[in-house]
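Student: Supplied structure: entry-v1.csv, CSV, C-alpha atoms and all ligand atoms.
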```
chain,number,residue,atom,x,y,z
H,1,MET,CA,40.0,-3.2,0.9
H,2,THR,CA,36.3,-4.4,1.1
H,3,ASP,CA,34.2,-3.0,3.9
H,4,ILE,CA,31.2,-5.3,3.4
H,5,THR,CA,30.6,-8.7,1.8
H,6,ILE,CA,27.0,-9.4,0.9
H,7,ARG,CA,26.1,-13.0,0.3
H,8,GLY,CA,22.9,-13.3,-1.7
H,9,ALA,CA,21.9,-11.1,-4.7
H,10,GLY,CA,18.1,-11.0,-4.2
H,11,ILE,CA,16.2,-7.8,-3.5
H,12,PHE,CA,17.5,-7.7,0.1
H,13,GLY,CA,21.2,-8.2,-0.7
H,14,LEU,CA,21.1,-5.9,-3.7
H,15,SER,CA,19.2,-3.1,-1.9
H,16,ILE,CA,21.6,-3.2,1.1
H,17,ALA,CA,24.6,-3.2,-1.2
H,18,TRP,CA,23.1,-0.1,-3.0
H,19,ALA,CA,22.5,1.7,0.3
H,20,CYS,CA,26.0,1.0,1.5
H,21,VAL,CA,27.7,2.0,-1.8
H,22,GLN,CA,25.7,5.2,-1.8
H,23,ARG,CA,27.2,6.0,1.6
H,24,GLY,CA,30.7,5.4,0.3
H,25,ALA,CA,31.4,1.8,1.4
H,26,ALA,CA,33.4,-0.7,-0.6
H,27,VAL,CA,31.1,-3.6,-1.2
H,28,GLN,CA,31.4,-7.0,-2.8
H,29,ILE,CA,28.3,-9.2,-3.7
H,30,VAL,CA,28.6,-12.9,-3.9
H,31,ASP,CA,25.9,-15.2,-5.2
H,32,PRO,CA,26.7,-18.6,-6.8
H,33,ASN,CA,23.4,-18.5,-8.7
H,34,GLY,CA,23.6,-14.9,-10.0
H,35,ALA,CA,21.3,-11.9,-9.3
H,36,GLY,CA,17.6,-12.5,-9.0
H,37,ALA,CA,17.9,-16.3,-9.0
H,38,GLY,CA,15.7,-16.7,-6.0
H,39,SER,CA,12.2,-15.5,-5.1
H,40,SER,CA,13.2,-12.0,-6.2
H,41,GLY,CA,13.3,-13.0,-9.9
H,42,GLY,CA,9.5,-13.0,-10.0
H,43,ILE,CA,6.8,-11.1,-11.9
H,44,VAL,CA,4.2,-9.7,-9.4
H,45,GLY,CA,5.7,-6.7,-7.6
H,46,ALA,CA,2.8,-5.2,-5.6
H,47,LEU,CA,3.9,-2.5,-3.2
H,48,ALA,CA,0.7,-2.3,-1.2
H,49,PRO,CA,0.1,-1.1,2.4
H,50,HIS,CA,-1.4,-2.9,5.3
H,51,VAL,CA,-4.9,-1.8,6.3
H,52,PRO,CA,-4.7,1.6,8.1
H,53,GLU,CA,-5.7,0.5,11.6
H,54,ASN,CA,-4.3,-1.3,14.7
H,55,TRP,CA,-1.0,0.5,14.1
H,56,ASN,CA,2.3,-1.3,15.2
H,57,PRO,CA,6.0,-0.9,14.4
H,58,LYS,CA,5.8,-3.3,11.5
H,59,LYS,CA,3.1,-1.2,9.8
H,60,ALA,CA,5.0,2.0,10.5
H,61,PHE,CA,8.2,0.5,9.0
H,62,GLN,CA,6.3,-0.6,5.9
H,63,LEU,CA,4.7,2.8,5.5
H,64,GLU,CA,8.1,4.5,5.6
H,65,SER,CA,9.4,2.0,3.1
H,66,LEU,CA,6.5,2.5,0.7
H,67,LEU,CA,6.9,6.3,1.0
H,68,MET,CA,10.7,6.0,0.3
H,69,ALA,CA,10.2,3.7,-2.7
H,70,GLU,CA,9.5,6.4,-5.3
H,71,GLY,CA,12.8,8.2,-4.7
H,72,PHE,CA,14.7,5.0,-4.1
H,73,TRP,CA,13.7,3.5,-7.5
H,74,ALA,CA,14.1,6.8,-9.3
H,75,ASP,CA,17.7,7.0,-8.1
H,76,VAL,CA,18.5,3.3,-9.0
H,77,SER,CA,17.0,3.6,-12.4
H,78,ARG,CA,18.9,6.9,-13.1
H,79,ALA,CA,22.2,5.5,-11.8
H,80,GLY,CA,22.2,2.4,-14.0
H,81,GLY,CA,20.0,3.4,-16.9
H,82,VAL,CA,17.6,0.4,-16.3
H,83,ASP,CA,14.0,1.0,-15.4
H,84,ALA,CA,12.6,-0.9,-12.4
H,85,GLY,CA,9.1,-0.6,-13.7
H,86,TYR,CA,8.0,1.4,-10.6
H,87,ALA,CA,4.7,3.4,-10.7
H,88,ARG,CA,2.6,4.6,-7.9
H,89,THR,CA,-0.8,4.2,-9.5
H,90,GLY,CA,-2.8,3.3,-6.4
H,91,ARG,CA,-5.1,0.3,-5.9
H,92,LEU,CA,-8.8,-0.6,-6.2
H,93,GLN,CA,-10.6,-3.2,-4.1
H,94,PRO,CA,-14.3,-4.3,-4.3
H,95,VAL,CA,-16.6,-3.8,-1.4
H,96,ALA,CA,-18.6,-6.9,-0.5
H,97,ASP,CA,-21.7,-5.4,1.3
H,98,ALA,CA,-23.0,-2.6,3.4
H,99,ALA,CA,-21.1,-3.8,6.5
H,100,ALA,CA,-17.8,-3.9,4.6
H,101,ARG,CA,-18.6,-0.4,3.2
H,102,ALA,CA,-19.1,1.0,6.8
H,103,LEU,CA,-15.8,-0.5,7.8
H,104,ALA,CA,-14.0,0.9,4.8
H,105,LEU,CA,-15.6,4.4,5.4
H,106,ALA,CA,-14.3,4.3,9.0
H,107,ARG,CA,-10.8,3.6,7.7
H,108,GLU,CA,-10.9,6.8,5.7
H,109,GLY,CA,-10.4,8.6,9.0
H,110,THR,CA,-7.7,6.2,10.4
H,111,ALA,CA,-5.8,6.4,7.1
H,112,ARG,CA,-5.8,10.2,7.3
H,113,ASP,CA,-4.2,10.0,10.8
H,114,LEU,CA,-1.9,7.1,10.3
H,115,TRP,CA,-0.7,7.8,6.8
H,116,GLN,CA,0.0,11.5,7.8
H,117,GLY,CA,-1.8,13.0,4.8
H,118,ARG,CA,0.8,11.3,2.5
H,119,ALA,CA,-1.9,9.1,0.8
H,120,LEU,CA,-5.6,8.6,0.7
H,121,TRP,CA,-7.9,5.7,1.5
H,122,GLU,CA,-11.4,6.4,0.3
H,123,VAL,CA,-14.6,4.7,-0.7
H,124,ILE,CA,-15.8,5.7,-4.2
H,125,ALA,CA,-18.8,4.7,-6.3
H,126,THR,CA,-17.8,2.2,-8.9
H,127,PRO,CA,-16.8,4.2,-12.0
H,128,ASP,CA,-18.0,3.4,-15.5
H,129,THR,CA,-14.7,2.1,-16.8
H,130,PRO,CA,-13.6,-1.4,-17.9
H,131,TRP,CA,-10.6,-1.7,-15.7
H,132,GLN,CA,-12.1,-2.4,-12.3
H,133,PRO,CA,-13.2,-5.4,-10.2
H,134,ASP,CA,-16.8,-6.5,-9.9
H,135,SER,CA,-18.2,-4.9,-6.7
H,136,PRO,CA,-21.3,-6.4,-5.2
H,137,ASP,CA,-22.0,-3.3,-3.3
H,138,GLY,CA,-21.4,-0.9,-6.2
H,139,HIS,CA,-18.5,0.8,-4.4
H,140,LEU,CA,-14.7,0.4,-4.4
H,141,ILE,CA,-12.0,1.2,-1.9
H,142,ARG,CA,-9.3,3.3,-3.6
H,143,ASP,CA,-6.0,4.0,-2.0
H,144,THR,CA,-3.2,6.2,-3.4
H,145,LEU,CA,-0.4,4.7,-1.4
H,146,SER,CA,-0.1,1.4,-3.4
H,147,ALA,CA,2.5,1.2,-6.1
H,148,HIS,CA,4.1,-1.6,-8.1
H,149,LEU,CA,7.4,-2.5,-9.8
H,150,HIS,CA,8.6,-5.4,-12.0
H,151,PRO,CA,10.6,-7.6,-9.6
H,152,ARG,CA,12.9,-9.1,-12.2
H,153,ARG,CA,13.6,-5.7,-13.7
H,154,ALA,CA,14.0,-4.1,-10.3
H,155,CYS,CA,16.9,-6.6,-9.7
H,156,ASP,CA,18.3,-5.8,-13.1
H,157,ALA,CA,18.1,-2.1,-12.3
H,158,LEU,CA,20.0,-2.5,-9.1
H,159,VAL,CA,22.6,-4.7,-10.7
H,160,ALA,CA,23.1,-2.0,-13.4
H,161,ALA,CA,23.2,0.8,-10.8
H,162,LEU,CA,25.8,-1.1,-8.7
H,163,ARG,CA,27.8,-1.9,-11.8
H,164,ALA,CA,27.9,1.8,-12.7
H,165,GLN,CA,29.6,2.2,-9.3
H,166,GLY,CA,32.1,-0.5,-10.0
H,167,VAL,CA,30.3,-3.3,-8.0
H,168,GLY,CA,29.5,-6.6,-9.7
H,169,VAL,CA,27.9,-9.8,-8.5
H,170,VAL,CA,30.5,-12.6,-8.4
H,171,SER,CA,29.9,-16.4,-7.9
H,172,GLU,CA,32.4,-16.8,-5.2
H,173,ALA,CA,34.8,-14.8,-3.0
H,174,PRO,CA,36.3,-15.0,0.5
H,175,ASP,CA,34.7,-13.0,3.3
H,176,SER,CA,36.1,-9.5,3.7
H,177,GLY,CA,34.9,-6.9,6.2
H,178,ALA,CA,31.4,-7.3,7.7
H,179,VAL,CA,29.5,-10.2,6.1
H,180,VAL,CA,25.7,-9.9,5.4
H,181,TRP,CA,23.8,-13.1,4.8
H,182,ALA,CA,20.8,-12.2,2.6
H,183,THR,CA,20.4,-15.7,1.3
H,184,GLY,CA,16.7,-16.2,1.4
H,185,VAL,CA,15.2,-19.6,2.0
H,186,ALA,CA,18.6,-21.3,1.8
H,187,GLY,CA,19.7,-19.0,4.6
H,188,LEU,CA,16.7,-19.9,6.8
H,189,GLU,CA,17.4,-23.6,6.2
H,190,ALA,CA,21.0,-23.1,7.2
H,191,LEU,CA,19.9,-21.3,10.4
H,192,ASN,CA,17.5,-24.1,11.2
H,193,PHE,CA,20.4,-26.6,11.0
H,194,ILE,CA,22.6,-24.5,13.3
H,195,HIS,CA,19.9,-23.6,15.9
H,196,THR,CA,17.8,-26.1,17.7
H,197,ARG,CA,14.6,-24.1,17.1
H,198,SER,CA,13.1,-23.5,13.6
H,199,MET,CA,14.0,-19.9,12.4
H,200,GLY,CA,11.7,-20.1,9.5
H,201,GLY,CA,11.2,-21.7,6.1
H,202,GLY,CA,9.8,-21.4,2.6
H,203,VAL,CA,6.4,-20.6,1.3
H,204,LYS,CA,6.0,-21.4,-2.4
H,205,GLY,CA,4.1,-19.0,-4.6
H,206,GLN,CA,2.9,-19.3,-8.2
H,207,ALA,CA,2.0,-16.4,-10.4
H,208,ALA,CA,1.1,-15.7,-14.1
H,209,LEU,CA,1.5,-12.9,-16.6
H,210,LEU,CA,-1.4,-12.0,-19.0
H,211,HIS,CA,-1.2,-10.0,-22.1
H,212,TYR,CA,-3.4,-7.1,-21.4
H,213,ASP,CA,-2.5,-3.4,-21.7
H,214,ALA,CA,-3.6,-1.5,-18.5
H,215,ARG,CA,-0.4,0.5,-18.0
H,216,GLY,CA,-0.8,3.5,-15.8
H,217,LEU,CA,-4.0,2.1,-14.3
H,218,PRO,CA,-4.4,1.1,-10.6
H,219,GLN,CA,-3.6,-2.3,-9.4
H,220,LEU,CA,-6.5,-4.4,-8.2
H,221,PHE,CA,-7.0,-6.7,-5.2
H,222,ALA,CA,-10.0,-8.8,-5.8
H,223,GLY,CA,-11.1,-12.4,-5.3
H,224,GLY,CA,-8.0,-12.8,-3.1
H,225,VAL,CA,-5.7,-12.1,-6.0
H,226,HIS,CA,-3.2,-9.3,-6.7
H,227,ILE,CA,-3.6,-8.0,-10.2
H,228,ILE,CA,-0.8,-5.7,-11.3
H,229,PRO,CA,-0.7,-3.7,-14.5
H,230,HIS,CA,2.9,-3.5,-15.5
H,231,LEU,CA,4.3,-0.7,-17.6
H,232,ASP,CA,5.1,-3.1,-20.5
H,233,GLY,CA,1.5,-3.9,-21.4
H,234,THR,CA,1.4,-7.1,-19.3
H,235,VAL,CA,-0.7,-7.8,-16.2
H,236,ALA,CA,0.6,-10.0,-13.4
H,237,ILE,CA,-1.7,-12.2,-11.4
H,238,GLY,CA,-0.6,-13.7,-8.0
H,239,SER,CA,-0.3,-15.8,-6.1
H,240,THR,CA,-0.7,-19.2,-4.4
H,241,SER,CA,0.6,-19.7,-0.9
H,242,GLU,CA,2.0,-23.2,-0.3
H,243,SER,CA,3.8,-24.2,2.9
H,244,GLU,CA,4.0,-27.8,1.6
H,245,TYR,CA,5.6,-28.2,-1.8
H,246,GLY,CA,7.9,-30.5,-3.8
H,247,ASP,CA,9.4,-28.8,-6.8
H,248,SER,CA,9.9,-25.1,-6.0
H,249,THR,CA,9.8,-23.8,-9.5
H,250,SER,CA,7.0,-25.8,-11.2
H,251,THR,CA,3.5,-24.5,-11.7
H,252,ASP,CA,0.3,-26.6,-11.6
H,253,ALA,CA,-3.5,-26.5,-11.3
H,254,GLN,CA,-3.4,-24.3,-8.2
H,255,LEU,CA,-2.1,-21.5,-10.5
H,256,GLU,CA,-4.9,-22.1,-12.9
H,257,GLY,CA,-7.3,-21.6,-10.0
H,258,VAL,CA,-5.7,-18.2,-9.3
H,259,ILE,CA,-6.0,-17.2,-12.9
H,260,ALA,CA,-9.6,-18.3,-13.0
H,261,ALA,CA,-10.3,-16.2,-9.8
H,262,ALA,CA,-8.7,-13.1,-11.4
H,263,ARG,CA,-10.8,-13.5,-14.6
H,264,ALA,CA,-14.0,-14.0,-12.5
H,265,ALA,CA,-13.2,-10.9,-10.4
H,266,VAL,CA,-12.2,-8.7,-13.2
H,267,PRO,CA,-14.3,-9.5,-16.3
H,268,VAL,CA,-12.2,-7.5,-18.7
H,269,LEU,CA,-9.4,-10.1,-18.2
H,270,ALA,CA,-11.7,-13.0,-19.3
H,271,ASN,CA,-10.0,-13.6,-22.6
H,272,ALA,CA,-6.5,-12.1,-21.9
H,273,PRO,CA,-4.0,-14.8,-22.9
H,274,VAL,CA,-1.5,-16.2,-20.4
H,275,ILE,CA,2.0,-15.5,-21.6
H,276,ALA,CA,4.1,-16.7,-18.7
H,277,ARG,CA,3.8,-18.8,-15.5
H,278,TRP,CA,6.4,-18.6,-12.7
H,279,ALA,CA,7.0,-20.0,-9.2
H,280,GLY,CA,9.3,-19.2,-6.4
H,281,VAL,CA,9.7,-19.7,-2.7
H,282,ARG,CA,9.3,-16.8,-0.3
H,283,PRO,CA,11.6,-16.7,2.8
H,284,ARG,CA,9.3,-16.6,5.9
H,285,ALA,CA,11.0,-16.1,9.3
H,286,ARG,CA,9.4,-17.7,12.3
H,287,SER,CA,8.1,-14.3,13.4
H,288,ARG,CA,6.6,-13.7,9.9
H,289,SER,CA,8.4,-10.3,10.1
H,290,PRO,CA,11.8,-9.5,8.5
H,291,MET,CA,14.8,-10.9,10.4
H,292,LEU,CA,17.5,-8.2,10.5
H,293,GLY,CA,20.7,-7.4,12.3
H,294,ALA,CA,23.7,-8.9,13.9
H,295,TRP,CA,24.0,-12.7,13.9
H,296,PRO,CA,24.2,-13.7,17.6
H,297,GLN,CA,27.4,-15.5,18.5
H,298,ARG,CA,29.0,-14.9,15.1
H,299,ALA,CA,31.0,-11.7,15.4
H,300,GLY,CA,31.1,-9.6,12.2
H,301,HIS,CA,28.3,-11.5,10.6
H,302,TYR,CA,24.7,-10.1,10.0
H,303,ILE,CA,21.5,-11.5,8.6
H,304,ALA,CA,18.9,-9.8,6.4
H,305,ASN,CA,16.1,-12.3,5.6
H,306,GLY,CA,12.4,-12.9,6.1
H,307,GLY,CA,11.0,-10.6,3.3
H,308,PHE,CA,8.2,-13.2,3.0
H,309,LYS,CA,5.3,-11.7,1.0
H,310,ILE,CA,6.4,-8.1,1.0
H,311,GLY,CA,10.2,-8.2,0.5
H,312,PHE,CA,10.1,-5.6,-2.3
H,313,GLY,CA,7.8,-3.3,-0.3
H,314,MET,CA,10.2,-3.4,2.7
H,315,ALA,CA,13.5,-3.3,0.7
H,316,PRO,CA,14.2,0.5,0.7
H,317,LYS,CA,13.8,0.7,4.5
H,318,VAL,CA,15.5,-2.6,5.2
H,319,ALA,CA,18.5,-1.3,3.2
H,320,GLN,CA,18.5,1.9,5.2
H,321,VAL,CA,18.5,0.3,8.6
H,322,MET,CA,21.0,-2.3,7.6
H,323,ALA,CA,23.4,0.4,6.3
H,324,ASP,CA,22.9,2.4,9.5
H,325,LEU,CA,23.9,-0.7,11.5
H,326,LEU,CA,26.8,-1.8,9.3
H,327,LEU,CA,28.4,1.6,8.6
H,328,ASP,CA,27.5,3.7,11.7
H,329,GLY,CA,26.9,1.0,14.3
H,330,HIS,CA,23.5,2.7,14.8
H,331,ASP,CA,20.7,0.2,15.4
H,332,THR,CA,17.4,1.5,14.1
H,333,ILE,CA,15.8,-1.9,13.6
H,334,PRO,CA,12.3,-2.0,15.1
H,335,ASP,CA,11.5,-4.4,17.9
H,336,GLY,CA,10.2,-7.7,16.6
H,337,PHE,CA,12.5,-7.5,13.5
H,338,ARG,CA,15.8,-8.6,15.1
H,339,VAL,CA,17.4,-11.9,14.6
H,340,ASP,CA,17.0,-12.5,18.4
H,341,ASP,CA,13.3,-12.2,18.1
H,342,ASN,CA,13.3,-15.5,16.2
H,343,LEU,CA,15.6,-17.5,18.5
A,401,LIG,C1,4.8,-15.8,-6.2
A,401,LIG,C2,5.4,-14.7,-5.4
A,401,LIG,C3,4.8,-13.4,-5.4
A,401,LIG,C4,5.4,-12.4,-4.7
A,401,LIG,N1,4.8,-11.1,-4.7
A,401,LIG,C5,5.3,-10.1,-4.0
A,401,LIG,C6,4.8,-8.8,-4.2
A,401,LIG,O1,3.8,-8.6,-4.9
A,401,LIG,N2,5.4,-7.8,-3.5
A,401,LIG,C7,6.5,-8.0,-2.6
A,401,LIG,O2,6.9,-7.1,-2.0
A,401,LIG,N3,7.0,-9.3,-2.5
A,401,LIG,C8,6.5,-10.3,-3.2
A,401,LIG,N4,7.0,-11.6,-3.1
A,401,LIG,C9,8.0,-11.8,-2.0
A,401,LIG,C10,9.4,-11.4,-2.5
A,401,LIG,O3,9.7,-11.9,-3.8
A,401,LIG,C11,10.4,-11.9,-1.4
A,401,LIG,O4,10.1,-11.4,-0.2
A,401,LIG,C12,11.9,-11.4,-1.8
A,401,LIG,O5,12.2,-11.8,-3.1
A,401,LIG,C13,12.9,-12.0,-0.9
A,401,LIG,O6,14.1,-11.5,-1.3
A,401,LIG,P1,15.5,-12.1,-0.7
A,401,LIG,O7,16.6,-11.2,-1.3
A,401,LIG,O8,15.4,-12.1,0.8
A,401,LIG,O9,15.6,-13.6,-1.2
A,401,LIG,P2,15.9,-14.2,-2.6
A,401,LIG,O10,15.4,-13.4,-3.7
A,401,LIG,O11,15.4,-15.6,-2.6
A,401,LIG,O12,17.5,-14.1,-2.7
A,401,LIG,C14,18.3,-15.0,-2.0
A,401,LIG,C15,19.6,-15.2,-2.9
A,401,LIG,O13,20.6,-15.8,-2.1
A,401,LIG,C16,21.3,-16.7,-2.9
A,401,LIG,N5,22.0,-17.6,-2.1
A,401,LIG,C17,21.6,-18.7,-1.5
A,401,LIG,N6,22.5,-19.3,-0.7
A,401,LIG,C18,23.6,-18.6,-0.9
A,401,LIG,C19,24.9,-18.6,-0.4
A,401,LIG,N7,25.4,-19.6,0.5
A,401,LIG,N8,25.8,-17.7,-0.7
A,401,LIG,C20,25.5,-16.6,-1.5
A,401,LIG,N9,24.2,-16.5,-2.1
A,401,LIG,C21,23.3,-17.5,-1.7
A,401,LIG,C22,20.3,-17.2,-3.9
A,401,LIG,O14,20.9,-17.7,-5.1
A,401,LIG,C23,19.4,-16.0,-4.1
A,401,LIG,O15,19.8,-15.3,-5.3
A,401,LIG,C24,6.5,-12.6,-3.8
A,401,LIG,C25,7.1,-13.9,-3.8
A,401,LIG,C26,6.6,-14.9,-4.6
A,401,LIG,C27,7.3,-16.2,-4.6
```
Using structure tokens, write down the structure that the file contains.
Ligand SMILES: Cc1cc2nc3c(=O)[nH]c(=O)nc-3n(C[C@H](O)[C@H](O)[C@H](O)COP(=O)(O)OP(=O)(O)OC[C@H]3O[C@@H](n4cnc5c(N)ncnc54)[C@H](O)[C@@H]3O)c2cc1C
Tutor:
Amino acid sequence: MTDITIRGAGIFGLSIAWACVQRGAAVQIVDPNGAGAGSSGGIVGALAPHVPENWNPKKAFQLESLLMAEGFWADVSRAGGVDAGYARTGRLQPVADAAARALALAREGTARDLWQGRALWEVIATPDTPWQPDSPDGHLIRDTLSAHLHPRRACDALVAALRAQGVGVVSEAPDSGAVVWATGVAGLEALNFIHTRSMGGGVKGQAALLHYDARGLPQLFAGGVHIIPHLDGTVAIGSTSESEYGDSTSTDAQLEGVIAAARAAVPVLANAPVIARWAGVRPRARSRSPMLGAWPQRAGHYIANGGFKIGFGMAPKVAQVMADLLLDGHDTIPDGFRVDDNL
């Protein structure tokens, strides 16, 4: 007897499945394309916080999720024997000028309050090391909350952990129990067809992998680009943001622009060879926030979508609130994140 059918084996579907299985539920996962076939099969994997100011439920939810991530990924990796590539090595960002430094210094205080002493945001003098962004002001912002993982491997790690609990990903199966639609962009497009108002759509992103060994060093955000040193001796560079696109998986000159921006911002990457290029489509709900909870007018059906640019960062907490709702009927979804908020 299956308690929950999850349709979609991206990071949202797999994480929700994992949270439910851990609480003893019988789960089946259905995806005609296999696990990680959508935007979750990518290469970037920044788990980076919002700026610590103008606090709101979305930032609080994301903070909780980022703080849960270390334990979540350690459990997953241990259970299935596949490493998700998670490391909390912080982040460095350049400071443009004196005004930007004053703002960044003010945020040291707000971070202390809002991040509850769990992580630091501080302004430091640029250290004399090669792995850093050029900083016009001679200072960097360093935070110790940012972490990263390898998205494709994180999906593999969840698949292995679930398999160890007897749960596989199948290409088709009839509904049984509560049904969760974690179907990414295809799910948003289906909702747009059903509802008269747009519920969201896709935003394409292109990213690249460079061969450069910076494992264990902080991620960088410079020149508008996320630069992620993975634990396998590669560095991910991302991403473009394209609301209009034709082919969802091709890469083009826009990606070369992102790579050039990364090389300009971080001189040590100037000659690092590109070893892979990748593109996918992020699911963006109309509200730009995750879209979670019961599917109105469709009893027994639920939606988990809208991960947009931070689906991996949100996944541990999304999984928790969806499991609370599915298994205990306890709705802990923050205002602004419900399916209704997009209707
Ligand atoms: C270039 C790029 C860079 C990114 N960088 C980051 C980052 O640094 N940090 C971060 O946190 N996030 C990042 N993201 C965003 C993140 O990848 C997404 O938010 C996340 O992958 C969304 O996960 P999902 O499970 O909702 O959707 P998807 O991964 O798209 O999964 C949906 C799944 O549903 C399946 N499906 C579709 N229709 C059906 C159906 N009818 N029945 C069953 N299954 C179905 C598909 O095959 C697919 O496997 C990035 C995205 C891109 C494109």
Student: Range 278-295 of chain H: which residues within 6 Å, counting only C-alpha atoms, same-chain residues fewer than 2 positions away excluded, as a PyMOL selection string?
Tutor: chain H and resi 39+184-185+199-207+248-249+298+301-308+337-339+342
Student: Take the residues from that selection and write them out as a tab-separated table (two decimals), in the frame of the given file, keeping C-alpha atoms.
Tutor:
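After the write, selection.tsv holds the following:
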```
chain	number	residue	atom	x	y	z
H	39	SER	CA	12.20	-15.50	-5.10
H	184	GLY	CA	16.70	-16.20	1.40
H	185	VAL	CA	15.20	-19.60	2.00
H	199	MET	CA	14.00	-19.90	12.40
H	200	GLY	CA	11.70	-20.10	9.50
H	201	GLY	CA	11.20	-21.70	6.10
H	202	GLY	CA	9.80	-21.40	2.60
H	203	VAL	CA	6.40	-20.60	1.30
H	204	LYS	CA	6.00	-21.40	-2.40
H	205	GLY	CA	4.10	-19.00	-4.60
H	206	GLN	CA	2.90	-19.30	-8.20
H	207	ALA	CA	2.00	-16.40	-10.40
H	248	SER	CA	9.90	-25.10	-6.00
H	249	THR	CA	9.80	-23.80	-9.50
H	298	ARG	CA	29.00	-14.90	15.10
H	301	HIS	CA	28.30	-11.50	10.60
H	302	TYR	CA	24.70	-10.10	10.00
H	303	ILE	CA	21.50	-11.50	8.60
H	304	ALA	CA	18.90	-9.80	6.40
H	305	ASN	CA	16.10	-12.30	5.60
H	306	GLY	CA	12.40	-12.90	6.10
H	307	GLY	CA	11.00	-10.60	3.30
H	308	PHE	CA	8.20	-13.20	3.00
H	337	PHE	CA	12.50	-7.50	13.50
H	338	ARG	CA	15.80	-8.60	15.10
H	339	VAL	CA	17.40	-11.90	14.60
H	342	ASN	CA	13.30	-15.50	16.20
```
Student: For a quick check of understanding, using only C-alpha atoms, which of H:Ile227, H:Leu145, H:Val170, H:Ala161 has the smallest distance to Gly117 in chain H?
Tutor: H:Leu145
Student: As an exercise, work out the distance from CA of Arg7 in chain H to CA of Pro296 in chain H in Å and give it to one decimal place.
Tutor: 17.4 Å
Student: H:Ile275, H:Ala164, H:Ala104, H:Val169: which is nearest ligand LIG 401 (chain A), counting all atoms listed in the file?
Tutor: H:Val169
Student: When you count only C-alpha atoms, which of these residues is closest to Asn271 in chain H: H:Asp252, H:Ser243, H:Gly45, H:His211?
Tutor: H:His211
Student: Enter the distance from CA of Arg215 in chain H to CA of Ala96 in chain H, in Å, rounded to one decimal.
Tutor: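 Atom-to-atom, CA of Arg215 in chain H and CA of Ala96 in chain H are spaced 26.3 Å apart.
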Student: Considering all atoms listed in the file, give me a table of residues in range 145-236 of chain H that are at most 9 Å from range 68-90 of chain H, with the closest atom pair and distance in Å for each, as JSON lines.
Tutor:
```
{"residue": "H:Leu145", "atom": "CA", "partner": "H:Gly90", "partner_atom": "CA", "distance": 5.7}
{"residue": "H:Ser146", "atom": "CA", "partner": "H:Gly90", "partner_atom": "CA", "distance": 4.5}
{"residue": "H:Ala147", "atom": "CA", "partner": "H:Arg88", "partner_atom": "CA", "distance": 3.8}
{"residue": "H:His148", "atom": "CA", "partner": "H:Tyr86", "partner_atom": "CA", "distance": 5.5}
{"residue": "H:Leu149", "atom": "CA", "partner": "H:Tyr86", "partner_atom": "CA", "distance": 4.0}
{"residue": "H:His150", "atom": "CA", "partner": "H:Gly85", "partner_atom": "CA", "distance": 5.1}
{"residue": "H:Pro151", "atom": "CA", "partner": "H:Ala84", "partner_atom": "CA", "distance": 7.5}
{"residue": "H:Arg152", "atom": "CA", "partner": "H:Ala84", "partner_atom": "CA", "distance": 8.2}
{"residue": "H:Arg153", "atom": "CA", "partner": "H:Ala84", "partner_atom": "CA", "distance": 5.1}
{"residue": "H:Ala154", "atom": "CA", "partner": "H:Ala84", "partner_atom": "CA", "distance": 4.1}
{"residue": "H:Cys155", "atom": "CA", "partner": "H:Ala84", "partner_atom": "CA", "distance": 7.6}
{"residue": "H:Asp156", "atom": "CA", "partner": "H:Val82", "partner_atom": "CA", "distance": 7.0}
{"residue": "H:Ala157", "atom": "CA", "partner": "H:Val82", "partner_atom": "CA", "distance": 4.7}
{"residue": "H:Leu158", "atom": "CA", "partner": "H:Val76", "partner_atom": "CA", "distance": 6.0}
{"residue": "H:Val159", "atom": "CA", "partner": "H:Gly80", "partner_atom": "CA", "distance": 7.8}
{"residue": "H:Ala160", "atom": "CA", "partner": "H:Gly80", "partner_atom": "CA", "distance": 4.5}
{"residue": "H:Ala161", "atom": "CA", "partner": "H:Gly80", "partner_atom": "CA", "distance": 3.7}
{"residue": "H:Leu162", "atom": "CA", "partner": "H:Gly80", "partner_atom": "CA", "distance": 7.3}
{"residue": "H:Arg163", "atom": "CA", "partner": "H:Gly80", "partner_atom": "CA", "distance": 7.4}
{"residue": "H:Ala164", "atom": "CA", "partner": "H:Gly80", "partner_atom": "CA", "distance": 5.9}
{"residue": "H:Gln165", "atom": "CA", "partner": "H:Ala79", "partner_atom": "CA", "distance": 8.5}
{"residue": "H:Gly216", "atom": "CA", "partner": "H:Thr89", "partner_atom": "CA", "distance": 6.3}
{"residue": "H:Leu217", "atom": "CA", "partner": "H:Thr89", "partner_atom": "CA", "distance": 6.1}
{"residue": "H:Pro218", "atom": "CA", "partner": "H:Thr89", "partner_atom": "CA", "distance": 4.9}
{"residue": "H:Gln219", "atom": "CA", "partner": "H:Gly90", "partner_atom": "CA", "distance": 6.4}
{"residue": "H:Leu220", "atom": "CA", "partner": "H:Gly90", "partner_atom": "CA", "distance": 8.7}
{"residue": "H:His230", "atom": "CA", "partner": "H:Gly85", "partner_atom": "CA", "distance": 7.1}
{"residue": "H:Leu231", "atom": "CA", "partner": "H:Gly85", "partner_atom": "CA", "distance": 6.2}
{"residue": "H:Asp232", "atom": "CA", "partner": "H:Gly85", "partner_atom": "CA", "distance": 8.3}
```
Student: Which centre and which edge lengths, in Å to one decimal, describe the axis-aligned box that holds all listed atoms of range 24-40 of chain H after 4 Å is added on each side, as AutoDock Vina command-line options?
Tutor:
```
--center_x 22.8 --center_y -6.6 --center_z -4.3 --size_x 29.2 --size_y 32.0 --size_z 19.4
```
Student: In Å to one decimal, how far is atom C1 of ligand LIG 401 (chain A) from CA of Ser239 in chain H?
Tutor: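 The value is 5.1 Å.
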